[in-house]
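Just coords.cif here, mmCIF, C-alpha atoms, pLDDT in the B column; chains and numbers go by the auth columns:
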```
data_final
#
loop_
_atom_site.group_PDB
_atom_site.id
_atom_site.type_symbol
_atom_site.label_atom_id
_atom_site.label_comp_id
_atom_site.label_asym_id
_atom_site.label_seq_id
_atom_site.Cartn_x
_atom_site.Cartn_y
_atom_site.Cartn_z
_atom_site.B_iso_or_equiv
_atom_site.auth_seq_id
_atom_site.auth_asym_id
ATOM 1 C CA MET A 1 -3.957 21.074 27.684 88.00 1 A
ATOM 2 C CA LEU A 2 -2.346 23.447 25.177 93.00 2 A
ATOM 3 C CA PHE A 3 1.242 22.552 26.164 94.00 3 A
ATOM 4 C CA VAL A 4 0.905 18.765 26.224 97.00 4 A
ATOM 5 C CA PRO A 5 1.569 16.869 22.971 98.00 5 A
ATOM 6 C CA ASP A 6 -0.620 13.977 21.890 98.00 6 A
ATOM 7 C CA ILE A 7 2.491 11.906 21.164 98.00 7 A
ATOM 8 C CA LYS A 8 6.091 12.245 22.415 98.00 8 A
ATOM 9 C CA LEU A 9 8.990 10.476 20.660 98.00 9 A
ATOM 10 C CA GLU A 10 12.761 10.783 20.331 96.00 10 A
ATOM 11 C CA ARG A 11 13.164 11.046 16.544 97.00 11 A
ATOM 12 C CA VAL A 12 10.971 11.491 13.485 98.00 12 A
ATOM 13 C CA THR A 13 11.978 8.004 12.334 97.00 13 A
ATOM 14 C CA ASP A 14 10.293 6.591 15.464 98.00 14 A
ATOM 15 C CA ILE A 15 6.913 7.499 13.948 98.00 15 A
ATOM 16 C CA THR A 16 5.283 4.434 12.396 98.00 16 A
ATOM 17 C CA PRO A 17 2.184 4.018 10.230 98.00 17 A
ATOM 18 C CA GLN A 18 0.773 1.773 12.980 97.00 18 A
ATOM 19 C CA LEU A 19 1.133 4.517 15.588 98.00 19 A
ATOM 20 C CA LEU A 20 -0.451 7.063 13.256 98.00 20 A
ATOM 21 C CA LYS A 21 -3.362 4.722 12.553 98.00 21 A
ATOM 22 C CA LYS A 22 -3.906 4.285 16.304 97.00 22 A
ATOM 23 C CA TYR A 23 -4.342 8.074 16.596 98.00 23 A
ATOM 24 C CA GLY A 24 -6.371 8.493 13.386 98.00 24 A
ATOM 25 C CA ILE A 25 -3.600 10.403 11.621 98.00 25 A
ATOM 26 C CA ASP A 26 -3.365 10.249 7.812 98.00 26 A
ATOM 27 C CA ALA A 27 -1.012 13.184 7.179 98.00 27 A
ATOM 28 C CA LEU A 28 2.051 14.759 8.770 98.00 28 A
ATOM 29 C CA ILE A 29 3.068 18.404 8.763 98.00 29 A
ATOM 30 C CA LEU A 30 6.818 18.330 9.344 98.00 30 A
ATOM 31 C CA ASP A 31 8.984 20.987 10.951 97.00 31 A
ATOM 32 C CA VAL A 32 12.569 21.140 9.624 95.00 32 A
ATOM 33 C CA ASP A 33 14.981 22.576 12.186 92.00 33 A
ATOM 34 C CA ASN A 34 15.902 20.078 14.904 90.00 34 A
ATOM 35 C CA THR A 35 13.225 17.719 13.569 94.00 35 A
ATOM 36 C CA LEU A 36 14.425 16.571 10.128 96.00 36 A
ATOM 37 C CA SER A 37 17.887 18.162 10.344 91.00 37 A
ATOM 38 C CA THR A 38 19.939 20.162 12.829 81.00 38 A
ATOM 39 C CA HIS A 39 19.060 23.839 13.331 78.00 39 A
ATOM 40 C CA HIS A 40 19.782 25.556 9.984 76.00 40 A
ATOM 41 C CA GLY A 41 21.406 22.327 8.712 78.00 41 A
ATOM 42 C CA GLN A 42 20.954 20.746 5.293 81.00 42 A
ATOM 43 C CA ILE A 43 22.076 17.225 6.190 83.00 43 A
ATOM 44 C CA LEU A 44 19.262 14.679 6.555 89.00 44 A
ATOM 45 C CA THR A 45 19.056 12.817 9.861 88.00 45 A
ATOM 46 C CA ASP A 46 20.018 9.144 9.786 91.00 46 A
ATOM 47 C CA GLY A 47 17.331 7.032 8.148 96.00 47 A
ATOM 48 C CA LEU A 48 15.199 9.997 7.065 97.00 48 A
ATOM 49 C CA SER A 49 15.194 9.178 3.337 96.00 49 A
ATOM 50 C CA GLU A 50 14.088 5.597 3.979 98.00 50 A
ATOM 51 C CA TRP A 51 11.489 6.728 6.528 98.00 51 A
ATOM 52 C CA LEU A 52 9.953 9.196 4.051 98.00 52 A
ATOM 53 C CA ILE A 53 9.667 6.452 1.426 98.00 53 A
ATOM 54 C CA TYR A 54 8.111 4.105 4.001 98.00 54 A
ATOM 55 C CA MET A 55 5.549 6.732 5.055 98.00 55 A
ATOM 56 C CA LYS A 56 4.589 7.451 1.444 98.00 56 A
ATOM 57 C CA GLU A 57 4.315 3.720 0.663 98.00 57 A
ATOM 58 C CA ASN A 58 1.896 3.450 3.578 98.00 58 A
ATOM 59 C CA GLY A 59 -0.295 6.266 2.268 98.00 59 A
ATOM 60 C CA ILE A 60 0.799 8.953 4.727 98.00 60 A
ATOM 61 C CA LYS A 61 0.598 12.421 3.188 98.00 61 A
ATOM 62 C CA LEU A 62 3.549 14.693 3.988 98.00 62 A
ATOM 63 C CA THR A 63 4.394 18.373 3.787 98.00 63 A
ATOM 64 C CA VAL A 64 6.924 20.709 5.404 98.00 64 A
ATOM 65 C CA LEU A 65 5.983 23.746 7.504 98.00 65 A
ATOM 66 C CA SER A 66 8.769 25.970 8.778 97.00 66 A
ATOM 67 C CA ASN A 67 9.114 29.402 10.311 96.00 67 A
ATOM 68 C CA SER A 68 12.334 29.833 8.318 94.00 68 A
ATOM 69 C CA LYS A 69 12.603 31.808 5.100 95.00 69 A
ATOM 70 C CA LYS A 70 12.127 30.234 1.674 97.00 70 A
ATOM 71 C CA LYS A 71 15.875 30.332 0.913 95.00 71 A
ATOM 72 C CA ARG A 72 16.436 28.052 3.938 92.00 72 A
ATOM 73 C CA VAL A 73 13.467 25.703 3.491 95.00 73 A
ATOM 74 C CA GLU A 74 13.272 25.272 -0.289 97.00 74 A
ATOM 75 C CA PRO A 75 16.643 23.518 -0.801 95.00 75 A
ATOM 76 C CA PHE A 76 15.910 21.153 2.076 94.00 76 A
ATOM 77 C CA ALA A 77 12.387 20.384 0.851 97.00 77 A
ATOM 78 C CA LYS A 78 13.774 19.682 -2.630 96.00 78 A
ATOM 79 C CA LYS A 79 16.289 17.226 -1.124 95.00 79 A
ATOM 80 C CA ILE A 80 13.461 15.242 0.447 97.00 80 A
ATOM 81 C CA ASN A 81 11.050 15.812 -2.434 97.00 81 A
ATOM 82 C CA LEU A 82 8.247 17.348 -0.372 98.00 82 A
ATOM 83 C CA PRO A 83 6.090 20.432 -0.810 98.00 83 A
ATOM 84 C CA PHE A 84 6.739 23.164 1.742 98.00 84 A
ATOM 85 C CA ILE A 85 5.436 26.286 3.390 98.00 85 A
ATOM 86 C CA SER A 86 8.043 28.767 4.603 97.00 86 A
ATOM 87 C CA LEU A 87 7.515 31.687 6.976 97.00 87 A
ATOM 88 C CA GLY A 88 4.798 29.618 8.665 97.00 88 A
ATOM 89 C CA LEU A 89 4.485 32.047 11.600 97.00 89 A
ATOM 90 C CA LYS A 90 4.011 29.173 14.080 98.00 90 A
ATOM 91 C CA PRO A 91 2.293 29.146 16.557 97.00 91 A
ATOM 92 C CA LEU A 92 -0.160 31.378 14.661 97.00 92 A
ATOM 93 C CA PRO A 93 -2.747 29.367 12.689 97.00 93 A
ATOM 94 C CA PHE A 94 -1.977 30.571 9.149 97.00 94 A
ATOM 95 C CA GLY A 95 0.745 28.085 8.189 98.00 95 A
ATOM 96 C CA TYR A 96 -1.049 25.121 9.747 98.00 96 A
ATOM 97 C CA LEU A 97 -4.244 25.961 7.891 98.00 97 A
ATOM 98 C CA ARG A 98 -2.376 26.337 4.590 98.00 98 A
ATOM 99 C CA ALA A 99 -0.681 22.969 5.186 98.00 99 A
ATOM 100 C CA VAL A 100 -3.954 21.173 5.931 98.00 100 A
ATOM 101 C CA LYS A 101 -5.559 22.718 2.854 98.00 101 A
ATOM 102 C CA ALA A 102 -2.590 21.700 0.664 97.00 102 A
ATOM 103 C CA LEU A 103 -2.773 18.139 2.029 98.00 103 A
ATOM 104 C CA LYS A 104 -6.525 18.075 1.272 98.00 104 A
ATOM 105 C CA ILE A 105 -7.285 16.576 4.653 97.00 105 A
ATOM 106 C CA LYS A 106 -9.388 17.418 7.701 98.00 106 A
ATOM 107 C CA ARG A 107 -7.521 18.932 10.625 98.00 107 A
ATOM 108 C CA LYS A 108 -8.352 16.040 12.950 98.00 108 A
ATOM 109 C CA LYS A 109 -6.622 13.642 10.509 98.00 109 A
ATOM 110 C CA ALA A 110 -3.342 15.606 10.470 98.00 110 A
ATOM 111 C CA ALA A 111 -0.497 16.010 12.964 98.00 111 A
ATOM 112 C CA ILE A 112 2.294 18.541 13.313 98.00 112 A
ATOM 113 C CA VAL A 113 5.695 16.986 14.019 98.00 113 A
ATOM 114 C CA GLY A 114 8.208 19.265 15.697 98.00 114 A
ATOM 115 C CA ASP A 115 10.667 19.819 18.503 96.00 115 A
ATOM 116 C CA GLN A 116 9.233 22.922 20.208 96.00 116 A
ATOM 117 C CA ILE A 117 6.318 23.176 22.592 97.00 117 A
ATOM 118 C CA PHE A 118 5.929 26.951 22.165 96.00 118 A
ATOM 119 C CA THR A 119 5.625 26.850 18.373 96.00 119 A
ATOM 120 C CA ASP A 120 4.791 23.397 17.023 98.00 120 A
ATOM 121 C CA ILE A 121 2.665 22.009 19.871 98.00 121 A
ATOM 122 C CA ILE A 122 0.761 25.135 20.940 98.00 122 A
ATOM 123 C CA GLY A 123 0.035 26.064 17.322 98.00 123 A
ATOM 124 C CA GLY A 124 -1.101 22.564 16.429 98.00 124 A
ATOM 125 C CA LYS A 125 -3.380 22.339 19.451 98.00 125 A
ATOM 126 C CA ALA A 126 -4.842 25.776 18.709 97.00 126 A
ATOM 127 C CA VAL A 127 -5.906 24.790 15.165 98.00 127 A
ATOM 128 C CA GLY A 128 -7.084 21.285 16.030 98.00 128 A
ATOM 129 C CA VAL A 129 -4.376 19.111 14.513 98.00 129 A
ATOM 130 C CA LYS A 130 -2.768 16.372 16.560 98.00 130 A
ATOM 131 C CA THR A 131 0.709 17.036 17.876 98.00 131 A
ATOM 132 C CA ILE A 132 3.897 14.998 17.958 98.00 132 A
ATOM 133 C CA LEU A 133 6.760 16.382 20.035 98.00 133 A
ATOM 134 C CA LEU A 134 10.267 15.132 19.270 97.00 134 A
ATOM 135 C CA THR A 135 13.453 15.507 21.270 95.00 135 A
ATOM 136 C CA PRO A 136 15.589 18.161 19.548 93.00 136 A
ATOM 137 C CA ILE A 137 18.383 16.642 17.455 91.00 137 A
ATOM 138 C CA LYS A 138 20.998 19.062 18.822 84.00 138 A
ATOM 139 C CA PRO A 139 20.778 21.892 21.398 75.00 139 A
ATOM 140 C CA GLU A 140 20.759 25.379 19.892 74.00 140 A
ATOM 141 C CA ASP A 141 23.241 28.074 20.956 76.00 141 A
ATOM 142 C CA GLY A 142 21.076 31.190 21.102 80.00 142 A
ATOM 143 C CA TRP A 143 19.985 32.580 24.470 85.00 143 A
ATOM 144 C CA SER A 144 16.296 32.683 23.466 86.00 144 A
ATOM 145 C CA PHE A 145 16.436 28.967 22.632 82.00 145 A
ATOM 146 C CA LYS A 146 18.094 28.231 25.964 87.00 146 A
ATOM 147 C CA VAL A 147 15.311 30.073 27.812 92.00 147 A
ATOM 148 C CA ARG A 148 12.572 28.277 25.849 89.00 148 A
ATOM 149 C CA ARG A 149 14.215 24.883 26.345 90.00 149 A
ATOM 150 C CA ARG A 150 14.350 25.474 30.114 93.00 150 A
ATOM 151 C CA LEU A 151 10.657 26.370 30.143 94.00 151 A
ATOM 152 C CA GLU A 152 9.878 23.293 28.028 94.00 152 A
ATOM 153 C CA LYS A 153 11.742 21.130 30.533 95.00 153 A
ATOM 154 C CA VAL A 154 9.566 22.537 33.337 94.00 154 A
ATOM 155 C CA ILE A 155 6.406 21.701 31.346 95.00 155 A
ATOM 156 C CA ILE A 156 7.649 18.197 30.477 95.00 156 A
ATOM 157 C CA ASN A 157 8.385 17.494 34.134 94.00 157 A
ATOM 158 C CA LYS A 158 5.215 19.135 35.498 94.00 158 A
ATOM 159 C CA TYR A 159 2.933 17.199 33.153 93.00 159 A
ATOM 160 C CA ASN A 160 5.042 14.040 33.269 94.00 160 A
ATOM 161 C CA ILE A 161 5.363 13.905 29.476 95.00 161 A
ATOM 162 C CA LYS A 162 7.019 10.628 28.536 94.00 162 A
ATOM 163 C CA ASN A 163 7.744 8.941 25.231 94.00 163 A
ATOM 164 C CA THR A 164 4.699 7.310 23.676 93.00 164 A
ATOM 165 C CA GLU A 165 4.795 3.589 23.060 81.00 165 A
ATOM 166 C CA ASP A 166 3.593 2.125 19.777 64.00 166 A
#
```
What's the structure tokens form of this structure?
Amino acid sequence: MLFVPDIKLERVTDITPQLLKKYGIDALILDVDNTLSTHHGQILTDGLSEWLIYMKENGIKLTVLSNSKKKRVEPFAKKINLPFISLGLKPLPFGYLRAVKALKIKRKKAAIVGDQIFTDIIGGKAVGVKTILLTPIKPEDGWSFKVRRRLEKVIINKYNIKNTED
């Protein structure tokens, strides 16, 4: 099902190498807004720096894919020392395919990590990468976000999407 993530967790730091191994995932494509930081924020979520080191030490390849412009994504990606793709056009396939190519990995071995069903999850499913849906760090203010979040809630309830256990 296009709307249903392979894995559902609260925070990015809940992702473990053991969980990734269980799903055959060797690389993560990371969204920024409401995944690694608040929407348009530059402050790292609690434990993110340590988590990134831990993932790298365990051989997990990492890159950032965002729909935001370069001037938003580049400073954040530099803070966490990761390559990035801006203007990813999610859910369209272009950014996902560029990310997989940059990671030098097969699609089935990669996962997109994000907070939105209508961009991160649908796009990931469409290109054949695994999908990890996170709870947004902080609710957004814009009306379009409020509409999408309501629709996401309907999908989560309809398909009984619960947090994945390790």
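Distances from A:Ser66, A:Thr131, A:Asn58, A:Thr45 to A:Gln18 were compared using all atoms listed in the file, and the smallest one belongs to A:Asn58.
Against this structure, the PyMOL selection byres ((chain A and resi 86) around 8) ends up with Leu65, Ser66, Asn67, Ser68, Lys69, Lys70, Val73, Glu74, Phe84, Ile85, Leu87 and Gly88 of chain A.
Nearest-residue note for A:Leu36: choosing from A:Lys162, A:Lys138, A:Lys108, A:Lys61, the minimum distance belongs to A:Lys138, counting all atoms listed in the file.
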Identify which of the residues A:Ile112, A:Ala77, A:Ile29, A:Val64 lies closest to A:Leu44, counting only C-alpha atoms when measuring atom-to-atom distances.
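Selected residue with least distance to A:Leu44: A:Ala77.
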Just give me the gap between atom CA of A:Thr38 and atom CA of A:Ile161 in Å, one decimal is fine.
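Interatomic distance, atom CA of A:Thr38 to atom CA of A:Ile161: 23.0 Å.
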How many Å separate atom CA of A:Asn81 from atom CA of A:Asn34?
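Taking atom CA of A:Asn81 and atom CA of A:Asn34, their separation equals 18.5 Å.
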A:Arg149: which residues within 9 Å, counting only C-alpha atoms, same-chain residues fewer than 5 positions away excluded, as a PyMOL selection string?
chain A and resi 116-117+139+144+154
Counting all atoms listed in the file, find residues at most 12 Å from (-7.6, 17.2, 6.5) (file frame) and give them as a short mmCIF file (atom, residue, chain, number, x, y, z; two decimals) with C-alpha atoms, keeping the file's coordinate frame.
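Dumped everything to selection-v5.cif:
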```cif
data_model
loop_
_atom_site.label_atom_id
_atom_site.label_comp_id
_atom_site.auth_asym_id
_atom_site.auth_seq_id
_atom_site.Cartn_x
_atom_site.Cartn_y
_atom_site.Cartn_z
CA GLY A 24 -6.37 8.49 13.39
CA ILE A 25 -3.60 10.40 11.62
CA ASP A 26 -3.36 10.25 7.81
CA ALA A 27 -1.01 13.18 7.18
CA LEU A 28 2.05 14.76 8.77
CA ILE A 29 3.07 18.40 8.76
CA ILE A 60 0.80 8.95 4.73
CA LYS A 61 0.60 12.42 3.19
CA LEU A 62 3.55 14.69 3.99
CA TYR A 96 -1.05 25.12 9.75
CA LEU A 97 -4.24 25.96 7.89
CA ARG A 98 -2.38 26.34 4.59
CA ALA A 99 -0.68 22.97 5.19
CA VAL A 100 -3.95 21.17 5.93
CA LYS A 101 -5.56 22.72 2.85
CA ALA A 102 -2.59 21.70 0.66
CA LEU A 103 -2.77 18.14 2.03
CA LYS A 104 -6.52 18.08 1.27
CA ILE A 105 -7.28 16.58 4.65
CA LYS A 106 -9.39 17.42 7.70
CA ARG A 107 -7.52 18.93 10.62
CA LYS A 108 -8.35 16.04 12.95
CA LYS A 109 -6.62 13.64 10.51
CA ALA A 110 -3.34 15.61 10.47
CA ALA A 111 -0.50 16.01 12.96
CA VAL A 127 -5.91 24.79 15.16
CA GLY A 128 -7.08 21.28 16.03
CA VAL A 129 -4.38 19.11 14.51
CA LYS A 130 -2.77 16.37 16.56
#
```
Within 8 Å of A:Glu140, counting all atoms listed in the file, which residues qualify if same-chain residues fewer than 4 places away don't, as a count of residues only?
3
Kindly resolve the PyMOL selection byres ((chain A and resi 133) around 12) on the present coordinates and return the residues as a PDB file with C-alpha atoms, keeping the file's coordinate frame.
```pdb
ATOM      1  CA  PHE A   3       1.242  22.552  26.164  1.00 94.00           C
ATOM      2  CA  VAL A   4       0.905  18.765  26.224  1.00 97.00           C
ATOM      3  CA  PRO A   5       1.569  16.869  22.971  1.00 98.00           C
ATOM      4  CA  ASP A   6      -0.620  13.977  21.890  1.00 98.00           C
ATOM      5  CA  ILE A   7       2.491  11.906  21.164  1.00 98.00           C
ATOM      6  CA  LYS A   8       6.091  12.245  22.415  1.00 98.00           C
ATOM      7  CA  LEU A   9       8.990  10.476  20.660  1.00 98.00           C
ATOM      8  CA  GLU A  10      12.761  10.783  20.331  1.00 96.00           C
ATOM      9  CA  ARG A  11      13.164  11.046  16.544  1.00 97.00           C
ATOM     10  CA  VAL A  12      10.971  11.491  13.485  1.00 98.00           C
ATOM     11  CA  ASP A  14      10.293   6.591  15.464  1.00 98.00           C
ATOM     12  CA  ILE A  15       6.913   7.499  13.948  1.00 98.00           C
ATOM     13  CA  LEU A  30       6.818  18.330   9.344  1.00 98.00           C
ATOM     14  CA  ASP A  31       8.984  20.987  10.951  1.00 97.00           C
ATOM     15  CA  ASN A  34      15.902  20.078  14.904  1.00 90.00           C
ATOM     16  CA  THR A  35      13.225  17.719  13.569  1.00 94.00           C
ATOM     17  CA  ALA A 111      -0.497  16.010  12.964  1.00 98.00           C
ATOM     18  CA  ILE A 112       2.294  18.541  13.313  1.00 98.00           C
ATOM     19  CA  VAL A 113       5.695  16.986  14.019  1.00 98.00           C
ATOM     20  CA  GLY A 114       8.208  19.265  15.697  1.00 98.00           C
ATOM     21  CA  ASP A 115      10.667  19.819  18.503  1.00 96.00           C
ATOM     22  CA  GLN A 116       9.233  22.922  20.208  1.00 96.00           C
ATOM     23  CA  ILE A 117       6.318  23.176  22.592  1.00 97.00           C
ATOM     24  CA  PHE A 118       5.929  26.951  22.165  1.00 96.00           C
ATOM     25  CA  THR A 119       5.625  26.850  18.373  1.00 96.00           C
ATOM     26  CA  ASP A 120       4.791  23.397  17.023  1.00 98.00           C
ATOM     27  CA  ILE A 121       2.665  22.009  19.871  1.00 98.00           C
ATOM     28  CA  ILE A 122       0.761  25.135  20.940  1.00 98.00           C
ATOM     29  CA  GLY A 124      -1.101  22.564  16.429  1.00 98.00           C
ATOM     30  CA  LYS A 125      -3.380  22.339  19.451  1.00 98.00           C
ATOM     31  CA  LYS A 130      -2.768  16.372  16.560  1.00 98.00           C
ATOM     32  CA  THR A 131       0.709  17.036  17.876  1.00 98.00           C
ATOM     33  CA  ILE A 132       3.897  14.998  17.958  1.00 98.00           C
ATOM     34  CA  LEU A 134      10.267  15.132  19.270  1.00 97.00           C
ATOM     35  CA  THR A 135      13.453  15.507  21.270  1.00 95.00           C
ATOM     36  CA  PRO A 136      15.589  18.161  19.548  1.00 93.00           C
ATOM     37  CA  ILE A 137      18.383  16.642  17.455  1.00 91.00           C
ATOM     38  CA  GLU A 152       9.878  23.293  28.028  1.00 94.00           C
ATOM     39  CA  ILE A 156       7.649  18.197  30.477  1.00 95.00           C
ATOM     40  CA  ILE A 161       5.363  13.905  29.476  1.00 95.00           C
ATOM     41  CA  LYS A 162       7.019  10.628  28.536  1.00 94.00           C
ATOM     42  CA  ASN A 163       7.744   8.941  25.231  1.00 94.00           C
ATOM     43  CA  THR A 164       4.699   7.310  23.676  1.00 93.00           C
TER      44      THR A 164
END
```
Could you work out an axis-aligned bounding box for all listed atoms of stretch 116-130 of chain A, with 4 Å added on each of the six sides, and give its centre and edge lengths in Å to one decimal, as JSON?
```
{"center_x": 1.1, "center_y": 21.7, "center_z": 18.6, "size_x": 24.3, "size_y": 18.6, "size_z": 16.1}
```
May I ask for the distance between atom CA of A:Leu82 and atom CA of A:Thr63, given in Å to one decimal place?
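Pair atom CA of A:Leu82 / atom CA of A:Thr63 returns 5.8 Å.
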Go through A:Lys79, A:Lys56, A:Lys90, A:Arg72 one by one, measure the shortest atom-to-atom distance of each to A:Thr16 using all atoms listed in the file, and give the residue with the smallest value.
A:Lys56
Using only C-alpha atoms, which of the listed residues (A:Gln42, A:Gly59, A:Ile155, A:Leu89) sits closest to A:Pro75?
A:Gln42
